[in-house]
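J.: This is the structure I want to talk about, given as structure tokens.
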Amino acid sequence: MDNILTFKNVDGGYGRVKILHDLSFEVRKGEVLGVVGPNGCGKTTMFNALIGLITPTAGEIIFKGKNITKVSANDRARMGIGRTYQVPRPFEGMTVFENVLVACCHGAGMTEHAGRPKALEILKLTGLYEKREIMAGELTLLDRKRLEIARALGTNPELLLLDEVAAGLVEAEVGEVIDMVADLKAAGYTIIWIEHVIDVMLKATDRVMCMSDGTDLLIGEPREVMESKIVTEVYLGVEDDE
Amino acid sequence: MIKNNARSKTSTIITIVVLAIIVALIYVLAFTGVFSSNLMRILLNICLYASFAVMWNLMAGYAGLTSLGNQAFIGLAGYACAVMCTTYGFGIWVAMLVGGLVCAVLAVILAFALMRMRGMYFAVATWVAAEALKTAFQNWKFVKEGAGMTVKIKPYPTNAEIFALAFGCFIVCMVVVYLLLKSKTGLGLKAMRDDADAASSIGVNIFGSRLLCYVVCGFLTGVAGVIMYISKGSIFPGGGFAIDWTIKIVFIVIIGGIGTAAGPVLGAIIYTLLYEVLAQFAGFTNIVLGIVAIVVIVVLPKGIIGSLENRFKFEILSQRRKSLE
Ligand SMILES: Nc1ncnc2c1ncn2[C@@H]1O[C@H](COP(=O)(O)OP(=O)(O)OP(=O)(O)O)[C@@H](O)[C@H]1O
Ligand SMILES: [Mg+2]
């Protein structure tokens with residue numbers, strides 16, 4: 001199977017604080033890769049490195065066969081990497097519609113004219129259509145999470161990065177998100193999905209990677225990984241924090 | 001939908017026609033001598049300060065570049081004007097063009113040198129750059145060192161003509177910013193204003209957008225600077241590159257409303273009028289301006305226009321993209 005993404009021995013962090021250590025893994029085209037790991041182990045940091053908000057101090061990131069380690073964040077977005085933020089970061093001074101329109105225009109390289117219908121289509125898909133003229137700063141948390149997904153989709157990504165989009169949602173809502181991701185996968189997106197919810201990992205992913213202390217601890221079949229001894233141990237070690 | 005579209009087109013046309021009539025009227029009034037020379041001077045200052053402020057607002061209010069060094073453009077433009085007119089005998093149009101271009105080049109240099117810095121560091125670095133230019137001009141024989149230069153133009157433009165230039169410059173600044181924000185780049189600028197990292201992760205080219213804003217700001221601040229020095233008639237390094245320029249500009253934008261289209265204009269009007277009134281009470285000017293700034297910041301944190309727009313849900317010269325058009 002083709003790999004769409006490869007992390008090769010990546011080190012990186014913020015300033016002098018090193019978070020990622022020798023992180024290596026592959027993502028296959030068309031799969032949903034789940035990522036689990038205790039709080040603060042570097043999952044979000046891995047996304048930051050992947051989209052170019054931080055530059056690795058060592059190692060390589062290969063996307064669609066190209067070394068993108070030194071490519072700028074905006075170019076990576078245009079190459080087809082779209083991400084959501086764990087703590088939503090909407091453009092608060094813009095409407096919901098405009099938030100998605102920026103992504104269509106700049107990430108997918110569309111003209112405003114072509115971007116409009118595309119943005120509306122994505123808003124329908126993510127359940128934000130009725131709220132399209134509301135200022136993004138006024139949205140509830142659930143809608144902000146929806147907007148994160150909508151904006152990422154606006155860039156027309158091939159690889160979609162979801163950072164705890166189901167955290168804090170009630171069970172029925174989690175079910176909705178799982179269905180939505182299944183639809184996206186069926187539509188051909190490759191997805192990396194960080195989540196602490198075990199149910200998500202078991203129901204919605206093809207493979208799961210467990211990270212610990214900035215590195216890849218174990219990667220494999222969802223049930224195997226979630227039930228493996230090392231993974232439960234890493235989690236048990238910090239469970240009180242959750 | 002179609003109806004809506006047609007209505008918005010008609011209202012755009014009406015707005016443009018009304019604005020054009022106002023502009024024409026101001027020009028006619030200026031040249032028929034209805035304005036006293038005092039009034040003309042006040043209007044001239046409003047136009048030039050508004051131009052400076054609109055440009056500073058483009059950088060600080062949209063591109064996230066809070067510069068404390070825009071006096072570099074004003075001083076450099078003043079010298080470009082004096083050198084072009086006095087030393088080489090060119091007219092005002094050449095002076096304005098050269099002033100703008102020289103400042104645009106300076107903007108490119110500053111952008112590449114300083115834009116990796118953020119926030120306070122960038123602000124201070126731009127100030128330091130302006131101070132360095134001041135020192136360089138104080139010691140440069142060609143521009144008469146600290147003695148400064150006079151601007152000689154034959155025949156020297158009348159007050160009405162200088163006002164006309166300033167007014168035109170102001171209109172151009174407004175139109176350029178309006179068109180820029182209306183473009184795809186402008187859509188990205190608004191996203192950047194709210195969250196630059198998030199904007200870059202959906203494909204907005206932050207460096208490119210900032211560079212563009214810096215260069216536009218440099219060019220048009222330069223053109224306005226040339227007109228300012230045509231009206232003053234002479235330039236000295238101490239005055240041309242003084243931080244005072246930027247302090248005034250920041251005051252104007254903050255009280256008017258940063259990141260709004262009309263804020264810098266209202267701010268410039270308030271500043272110029274206050275300054276006129278306060279001129280009678282020498283020594284109190286800065287104290288009063290300081291108090292005004294503090295009161296506005298406390299009572300209306302988004303500036304006068306910004307707070308009014310928020311409170312009453314409207315937007316002057318709005319570039320909001322409606323979802324159905
Ligand atoms: N901008 C930053 N600057 C400095 N340190 C940071 C920054 N962001 C995160 N960190 C630190 O990096 C480490 C890894 O954080 P990261 O957000 O990647 O963890 P995570 O695995 O996503 O955790 P969680 O499950 O809580 O989201 C943490 O110790 C965190 O404090
Ligand atoms: Mg995280």
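Labeling convention for the structure tokens: chains A, B, ... as they appear, residues from 1 per chain, ligands from 1 in order of appearance.
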How close does each residue of chain A get to chain B, giving the shortest atom pair and distance in Å to one decimal for every residue with an atom at most 10 Å away, counting only C-alpha atoms, sorted by chain and residue number, as a tab-separated table?
T.:
residue	atom	partner	partner_atom	distance
A:Asn48	CA	B:Ser201	CA	9.4
A:Ile51	CA	B:Ser201	CA	6.7
A:Gly52	CA	B:Ser201	CA	7.9
A:Leu53	CA	B:Asp197	CA	7.3
A:Ser72	CA	B:Ser200	CA	8.6
A:Ala73	CA	B:Ser201	CA	5.5
A:Asn74	CA	B:Gly203	CA	3.9
A:Asp75	CA	B:Gly203	CA	6.3
A:Arg76	CA	B:Gly203	CA	7.5
A:Ala77	CA	B:Gly203	CA	4.9
A:Arg78	CA	B:Gly203	CA	5.7
A:Met79	CA	B:Gly203	CA	9.1
A:Gly80	CA	B:Gly203	CA	9.6
A:Ile81	CA	B:Ser201	CA	8.5
A:Gly82	CA	B:Ile202	CA	6.8
A:Arg83	CA	B:Ser201	CA	7.4
A:Thr84	CA	B:Ala198	CA	9.2
A:Tyr85	CA	B:Ala198	CA	8.5
A:Pro88	CA	B:Ala198	CA	9.6
A:Arg89	CA	B:Ala198	CA	6.7
A:Pro90	CA	B:Asp195	CA	7.9
A:Phe91	CA	B:Asp194	CA	5.2
A:Glu92	CA	B:Asp194	CA	6.4
A:Gly93	CA	B:Asp194	CA	6.6
A:Met94	CA	B:Ala191	CA	7.5
A:Thr95	CA	B:Arg320	CA	8.2
A:Val96	CA	B:Ser323	CA	9.5
A:Phe97	CA	B:Ser323	CA	6.3
A:Glu98	CA	B:Arg321	CA	6.4
A:Asn99	CA	B:Ala191	CA	7.6
A:Val100	CA	B:Ile202	CA	9.6
A:Leu101	CA	B:Leu187	CA	8.5
A:Val102	CA	B:Gly188	CA	6.2
A:Ala103	CA	B:Ile202	CA	5.4
A:Cys104	CA	B:Ile202	CA	8.6
A:Cys105	CA	B:Lys184	CA	7.0
A:His106	CA	B:Gly203	CA	5.0
A:Gly107	CA	B:Gly203	CA	4.2
A:Ala108	CA	B:Gly203	CA	7.8
A:Gly109	CA	B:Gly203	CA	8.4
A:Met110	CA	B:Lys184	CA	9.5
A:Thr111	CA	B:Lys184	CA	7.5
A:Glu112	CA	B:Lys184	CA	6.8
A:His113	CA	B:Glu325	CA	9.9
A:Arg116	CA	B:Ser323	CA	7.1
A:Pro117	CA	B:Ser323	CA	8.8
A:Ala119	CA	B:Ser323	CA	8.7
A:Leu120	CA	B:Ser323	CA	7.5
A:Tyr129	CA	B:Ser323	CA	9.8
A:Arg132	CA	B:Ser323	CA	7.3
A:Glu133	CA	B:Ser323	CA	7.2
A:Arg151	CA	B:Ile202	CA	7.6
A:Ala152	CA	B:Ile202	CA	6.9
A:Leu153	CA	B:Ile202	CA	9.5
A:Gly154	CA	B:Ile202	CA	8.2
A:Thr155	CA	B:Ile202	CA	6.1
A:Asn156	CA	B:Ile202	CA	9.7
A:Pro157	CA	B:Ile202	CA	9.7
J.: How would you write, as a ChimeraX atom specification, the set of residues no farther than 7 Å from ligand 2 when counting only C-alpha atoms and all ligand atoms?
T.: /A:40,42-44,86,163
J.: What would the file look like if the residues just selected were written as a PDB file, in the first residue's frame with C-alpha atoms?
T.:
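The result, stored in part_35.pdb:
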ATOM      1  CA  GLY A  40       1.487  16.131  27.176  1.00  0.00           C
ATOM      2  CA  GLY A  42       3.467  15.403  22.157  1.00  0.00           C
ATOM      3  CA  LYS A  43       0.531  14.440  19.961  1.00  0.00           C
ATOM      4  CA  THR A  44      -0.453  18.027  19.178  1.00  0.00           C
ATOM      5  CA  GLN A  86      -7.523  20.976  19.712  1.00  0.00           C
ATOM      6  CA  ASP A 163      -7.035  16.901  17.067  1.00  0.00           C
TER       7      ASP A 163
END
J.: Enumerate the residues of stretch 132-314 of chain B with a DSSP assignment of strand (DSSP E), computed from the backbone, and present them as a PyMOL selection string.
T.: chain B and resi 149-150+234-235
J.: Within stretch 17-221 of chain B, find each residue whose DSSP state, derived from the backbone, is alpha helix (DSSP H), and express the selection as a PyMOL selection string.
T.: chain B and resi 17-31+37-57+71-82+92-114+119-138+159-182+184-194+196-200+206-221
J.: Which polymer residues have any atom within 7 Å of an atom of stretch 296-310 of chain B, counting only C-alpha atoms, with same-chain residues fewer than 5 positions away left out, as an mmCIF file with N, CA, C and O atoms, in the first residue's frame?
T.:
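Wrote it out as out-v7.cif, contents follow:
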data_model
loop_
_atom_site.group_PDB
_atom_site.id
_atom_site.type_symbol
_atom_site.label_atom_id
_atom_site.label_comp_id
_atom_site.auth_asym_id
_atom_site.auth_seq_id
_atom_site.Cartn_x
_atom_site.Cartn_y
_atom_site.Cartn_z
ATOM 1 N N ILE B 254 -5.612 54.805 17.330
ATOM 2 C CA ILE B 254 -6.172 54.198 18.547
ATOM 3 C C ILE B 254 -7.504 54.858 18.914
ATOM 4 O O ILE B 254 -8.478 54.176 19.210
ATOM 5 N N ILE B 255 -7.554 56.190 18.902
ATOM 6 C CA ILE B 255 -8.823 56.801 19.310
ATOM 7 C C ILE B 255 -9.891 56.584 18.234
ATOM 8 O O ILE B 255 -11.058 56.386 18.541
ATOM 9 N N GLY B 256 -9.498 56.573 16.965
ATOM 10 C CA GLY B 256 -10.492 56.367 15.910
ATOM 11 C C GLY B 256 -10.983 54.934 15.862
ATOM 12 O O GLY B 256 -12.165 54.675 15.675
ATOM 13 N N GLY B 257 -10.070 53.996 16.059
ATOM 14 C CA GLY B 257 -10.456 52.582 16.022
ATOM 15 C C GLY B 257 -9.508 51.801 15.119
ATOM 16 O O GLY B 257 -9.597 51.900 13.892
ATOM 17 N N ILE B 258 -8.636 51.017 15.749
ATOM 18 C CA ILE B 258 -7.661 50.250 14.958
ATOM 19 C C ILE B 258 -8.376 49.113 14.228
ATOM 20 O O ILE B 258 -9.339 48.548 14.727
ATOM 21 N N THR B 260 -10.250 49.380 11.665
ATOM 22 C CA THR B 260 -11.506 49.793 11.032
ATOM 23 C C THR B 260 -11.164 50.697 9.848
ATOM 24 O O THR B 260 -10.084 51.282 9.801
ATOM 25 N N ALA B 262 -12.896 53.479 8.838
ATOM 26 C CA ALA B 262 -13.143 54.900 9.054
ATOM 27 C C ALA B 262 -12.424 55.446 10.287
ATOM 28 O O ALA B 262 -12.274 56.658 10.430
ATOM 29 N N GLY B 263 -11.962 54.562 11.160
ATOM 30 C CA GLY B 263 -11.323 54.988 12.405
ATOM 31 C C GLY B 263 -10.187 55.987 12.201
ATOM 32 O O GLY B 263 -10.188 57.064 12.804
ATOM 33 N N GLU B 315 -20.932 48.528 9.810
ATOM 34 C CA GLU B 315 -19.523 48.599 9.449
ATOM 35 C C GLU B 315 -19.374 49.571 8.296
ATOM 36 O O GLU B 315 -19.996 49.383 7.251
#
J.: Got a sec: who's within 12 Å of A:Ile178, counting only C-alpha atoms, leaving out chain neighbours fewer than 5 positions off, as a PyMOL selection string?
T.: chain A and resi 32+162+164-166+169+171-173+183-185+193+195+197+199-205
J.: Using only C-alpha atoms and all ligand atoms, what are the residues with an atom within 12 Å of ligand 1, set out as an MDAnalysis selection string?
T.: (chainID A and resid 12:21 35:50 53:54 85:87 162:165 167 193:197 210:216 235 238:239 241:242) or (chainID B and resid 197)
J.: Let me make sure I understand: among B:Gly283, B:Ile243, B:Leu181, B:Phe170, which one has the smallest atom-to-atom distance to B:Ala50 if we use only C-alpha atoms?
T.: B:Phe170
J.: Just to confirm, what's the straight-line distance from atom CA of B:Asn45 to atom CA of B:Thr272 in Å (one decimal)?
T.: 6.8 Å
